Amino acid sequence: MEDFKTYITESTKFLEHKLHDYLKNDEQLLRPLFDSINHSLFSGGKRIRPIFCFAVGEIFDLNKEELASVGCALEMVHTATLILDDLPCMDDAKLRRGKAANHIVYGEDTAILASFGLLMKAYEIVADGDHLADDKKVRIIKEIAKATGANQLIGGQFADLEYSNKQIDYAILEFIHSRKTASLFIASGKTAAIVGNADETQLSAIEEFFKNIGFAFQVLDDLLDFKGKTEKIGKTAQNDSGNFVIIYGEKKSKQIIQESTNKAIEAIKIFKGKNHKLIALAEMLNKRNT
Ligand code: IPE
Ligand code: IPE
Ligand code: MG
Ligand code: MG
Ligand code: MG
């Protein structure tokens, strides 16, 4: 357990060091834009997507250095989506990770540009990385772009807003949650697996694991939104529309989190002996309170 905690701390430190390197800016005129980017990128996120990427990398004997650009790209994309998610025209959230949301501090115009800047930077750093072969870079960029695009994350965000004041059922909620959250989780694992030369069976197992972990993660996010206190969760409580718990209640939501987690763990049995970090991450996420 102590080892696992150290792993999380060290992975986070490694990632943040790399992120700082990627976001250097000497242009005085652009200071406010970079301040806005840094406000959201360094405000205490859990860094779970890059950590997933590093943990899958270990299955294929990759070290963090080999996945640095991919891990940073995943965190940049995630941060970009949060900036947009908080805008008044979306979730209208004033608080993110216990601090003022990006647009509250920097204005909506700068916040939107910061989000786009992060998205573009993500693809630039993967394309630039000199330790990845070109064919792998193309597959990784495609994986992240597909996961983020209109059929996946952006589509999920669209459907979430579209249904915010409409009747919603399980199928639609599953549609939304798997797109807005699980899609980038899947990309976090698959990109590392691609770098590690995973075969089709291994890629499918990784996909199945993250599809289920992503779904469980979003249901728990809804549960925290529904039950948590603003001061604890660092976001305004009861702010989420399309909230799983409002429709299915606490008991069923908890049951679904557990069932999805079990399914996820079952899917990575094929990595026996090398899957303990992924299992520990799944269990840790189910105990989180932010
Ligand atoms: C929040 O993601 C948005 C969802 C997909 C629910 P995280 O809970 O990973 O956010 P941070 O980065 O740790 O704050
Ligand atoms: C956001 O879901 C998912 C993405 C940003 C893609 P939520 O709206 O539930 O996330 P929080 O609760 O604001 O972090
Ligand atoms: Mg939202
Ligand atoms: Mg939100
Ligand atoms: Mg939420």
# chains A, B, ... in the order shown; residues from 1 in each chain; ligands from 1

$ closest_atom_pairs --of "chain A" --to "ligand 2" --cutoff "9 Å" --atoms "only C-alpha atoms and all ligand atoms" --output "tab-separated table"
residue	atom	partner	partner_atom_place_in_ligand_line	distance
A:His78	CA	ligand 2	5 (C)	7.0
A:Thr79	CA	ligand 2	5 (C)	8.0
A:Ala80	CA	ligand 2	5 (C)	8.2
A:Thr81	CA	ligand 2	5 (C)	4.8
A:Leu82	CA	ligand 2	5 (C)	4.5
A:Ile83	CA	ligand 2	5 (C)	7.8
A:Leu84	CA	ligand 2	5 (C)	7.4
A:Asp85	CA	ligand 2	5 (C)	5.2
A:Asp86	CA	ligand 2	13 (O)	6.4
A:Met90	CA	ligand 2	8 (O)	8.6
A:Asp91	CA	ligand 2	8 (O)	6.4
A:Ala93	CA	ligand 2	13 (O)	7.2
A:Arg96	CA	ligand 2	14 (O)	7.5
A:Arg97	CA	ligand 2	14 (O)	8.7
A:Thr148	CA	ligand 2	6 (C)	8.5
A:Leu153	CA	ligand 2	6 (C)	5.8
A:Ile154	CA	ligand 2	6 (C)	7.2
A:Gly156	CA	ligand 2	6 (C)	7.5
A:Gln157	CA	ligand 2	6 (C)	6.2
A:Asp160	CA	ligand 2	8 (O)	8.5
A:His177	CA	ligand 2	2 (O)	8.2
A:Arg179	CA	ligand 2	6 (C)	8.1
A:Lys180	CA	ligand 2	6 (C)	4.5
A:Thr181	CA	ligand 2	6 (C)	5.5
A:Leu184	CA	ligand 2	6 (C)	8.3
A:Gln218	CA	ligand 2	9 (O)	6.9
A:Val219	CA	ligand 2	9 (O)	8.9
A:Asp221	CA	ligand 2	12 (O)	6.2
A:Asp222	CA	ligand 2	9 (O)	6.4
A:Leu224	CA	ligand 2	12 (O)	8.6
A:Asp225	CA	ligand 2	12 (O)	6.7
A:Lys235	CA	ligand 2	12 (O)	7.0
A:Thr236	CA	ligand 2	12 (O)	8.6
A:Ala237	CA	ligand 2	12 (O)	8.7
A:Asn239	CA	ligand 2	12 (O)	7.6
A:Asp240	CA	ligand 2	9 (O)	5.7
A:Ser241	CA	ligand 2	8 (O)	7.8
A:Gly242	CA	ligand 2	9 (O)	8.5
A:Asn243	CA	ligand 2	9 (O)	7.8

$ select_by_dssp --residues "range 142-283 of chain A" --states "alpha helix (DSSP H)" --output "PyMOL selection string"
chain A and resi 142-148+153-162+170-177+183-195+200-227+230-233+244-267+276-283

$ residues_around --residues "Ser36 in chain A" --least-positions-apart "3" --cutoff "9 Å" --atoms "only C-alpha atoms" --output "PyMOL selection string"
chain A and resi 31-33+39-41+102-103+105-106+110-111+114

$ write_last_selection --atoms "N, CA, C and O atoms" --output "JSON list (two decimals), in the first residue's frame"
[["chain", "number", "residue", "atom", "x", "y", "z"],
["A", 31, "ARG", "N", 1.50, 36.54, -21.52],
["A", 31, "ARG", "CA", 1.50, 36.16, -20.10],
["A", 31, "ARG", "C", 0.11, 35.82, -19.56],
["A", 31, "ARG", "O", -0.09, 34.74, -18.98],
["A", 32, "PRO", "N", -0.88, 36.70, -19.77],
["A", 32, "PRO", "CA", -2.21, 36.39, -19.22],
["A", 32, "PRO", "C", -2.82, 35.10, -19.76],
["A", 32, "PRO", "O", -3.49, 34.37, -19.04],
["A", 33, "LEU", "N", -2.55, 34.81, -21.05],
["A", 33, "LEU", "CA", -3.07, 33.57, -21.63],
["A", 33, "LEU", "C", -2.41, 32.37, -20.95],
["A", 33, "LEU", "O", -3.09, 31.40, -20.57],
["A", 39, "HIS", "N", -3.38, 28.24, -14.58],
["A", 39, "HIS", "CA", -4.38, 28.26, -13.51],
["A", 39, "HIS", "C", -5.14, 26.92, -13.49],
["A", 39, "HIS", "O", -5.37, 26.34, -12.43],
["A", 40, "SER", "N", -5.51, 26.44, -14.69],
["A", 40, "SER", "CA", -6.28, 25.19, -14.73],
["A", 40, "SER", "C", -5.40, 23.94, -14.75],
["A", 40, "SER", "O", -5.81, 22.89, -14.27],
["A", 41, "LEU", "N", -4.21, 24.08, -15.29],
["A", 41, "LEU", "CA", -3.35, 22.90, -15.41],
["A", 41, "LEU", "C", -2.67, 22.54, -14.09],
["A", 41, "LEU", "O", -2.36, 21.37, -13.85],
["A", 102, "ASN", "N", -11.82, 28.87, -14.32],
["A", 102, "ASN", "CA", -10.95, 29.66, -15.20],
["A", 102, "ASN", "C", -11.62, 30.96, -15.68],
["A", 102, "ASN", "O", -11.03, 32.04, -15.57],
["A", 103, "HIS", "N", -12.85, 30.85, -16.18],
["A", 103, "HIS", "CA", -13.50, 32.03, -16.75],
["A", 103, "HIS", "C", -13.83, 33.09, -15.70],
["A", 103, "HIS", "O", -13.98, 34.27, -16.03],
["A", 105, "VAL", "N", -11.83, 33.95, -13.28],
["A", 105, "VAL", "CA", -10.60, 34.72, -13.07],
["A", 105, "VAL", "C", -10.17, 35.46, -14.34],
["A", 105, "VAL", "O", -9.80, 36.63, -14.30],
["A", 106, "TYR", "N", -10.23, 34.77, -15.47],
["A", 106, "TYR", "CA", -9.63, 35.33, -16.70],
["A", 106, "TYR", "C", -10.64, 35.80, -17.74],
["A", 106, "TYR", "O", -10.25, 36.34, -18.77],
["A", 110, "THR", "N", -10.70, 34.59, -22.68],
["A", 110, "THR", "CA", -9.39, 33.99, -22.42],
["A", 110, "THR", "C", -9.54, 32.51, -22.07],
["A", 110, "THR", "O", -8.72, 31.68, -22.50],
["A", 111, "ALA", "N", -10.56, 32.17, -21.30],
["A", 111, "ALA", "CA", -10.76, 30.77, -20.90],
["A", 111, "ALA", "C", -10.92, 29.88, -22.14],
["A", 111, "ALA", "O", -10.31, 28.80, -22.23],
["A", 114, "ALA", "N", -7.61, 29.57, -23.83],
["A", 114, "ALA", "CA", -6.72, 28.70, -23.04],
["A", 114, "ALA", "C", -7.06, 27.23, -23.33],
["A", 114, "ALA", "O", -6.17, 26.38, -23.50]]

$ closest_residue --among "A:Ala171, A:Leu95, A:Ile125, A:Ile37" --to "ligand 5" --atoms "only C-alpha atoms and all ligand atoms"
A:Leu95

$ atom_distance --atom1 "CA of Ala280 in chain A" --atom2 "CA of Phe52 in chain A"
11.0 Å

$ atom_distance --atom1 "CA of Asn151 in chain A" --atom2 "CA of Ala182 in chain A"
12.6 Å

$ closest_residue --among "A:Phe158, A:Phe4, A:Phe42, A:Phe14" --to "ligand 3" --atoms "only C-alpha atoms and all ligand atoms"
A:Phe158

$ residues_around --residues "Leu67 in chain A" --least-positions-apart "3" --cutoff "8 Å" --atoms "only C-alpha atoms" --output "compact mmCIF listing (two decimals) with C-alpha atoms, in the first residue's frame"
# COMPACT_ATOMS: atom_id res chain seq x y z
CA CYS A 53 -1.30 5.63 -19.09
CA PHE A 54 1.87 5.02 -17.02
CA GLY A 57 2.82 1.15 -19.78
CA LEU A 62 7.62 0.86 -20.59
CA ASN A 63 8.97 3.53 -18.28
CA LYS A 64 7.33 6.89 -17.64
CA VAL A 70 1.40 11.02 -24.21
CA GLY A 71 0.67 11.40 -20.48
CA ALA A 192 0.22 3.28 -23.70
CA VAL A 195 3.47 2.31 -27.54

$ atom_distance --atom1 "CA of Ile268 in chain A" --atom2 "CA of Gly196 in chain A"
15.8 Å

$ closest_residue --among "A:Lys137, A:Lys99, A:His20, A:Lys13" --to "ligand 1" --atoms "only C-alpha atoms and all ligand atoms"
A:Lys99

$ residues_around --residues "Asn212 in chain A" --least-positions-apart "4" --cutoff "12 Å" --atoms "only C-alpha atoms" --output "count of residues only"
31

$ closest_residue --among "A:Pro88, A:Gly149, A:Gly129, A:Gly249" --to "ligand 4" --atoms "only C-alpha atoms and all ligand atoms"
A:Pro88

$ select_by_dssp --residues "range 22-253 of chain A" --states "strand (DSSP E)" --output "list in words"
Leu95, Arg96, Lys99 and Ala100 of chain A

$ closest_residue --among "A:Ile59, A:Ser11, A:Leu203, A:Met120" --to "Arg47 in chain A" --atoms "only C-alpha atoms"
A:Ser11
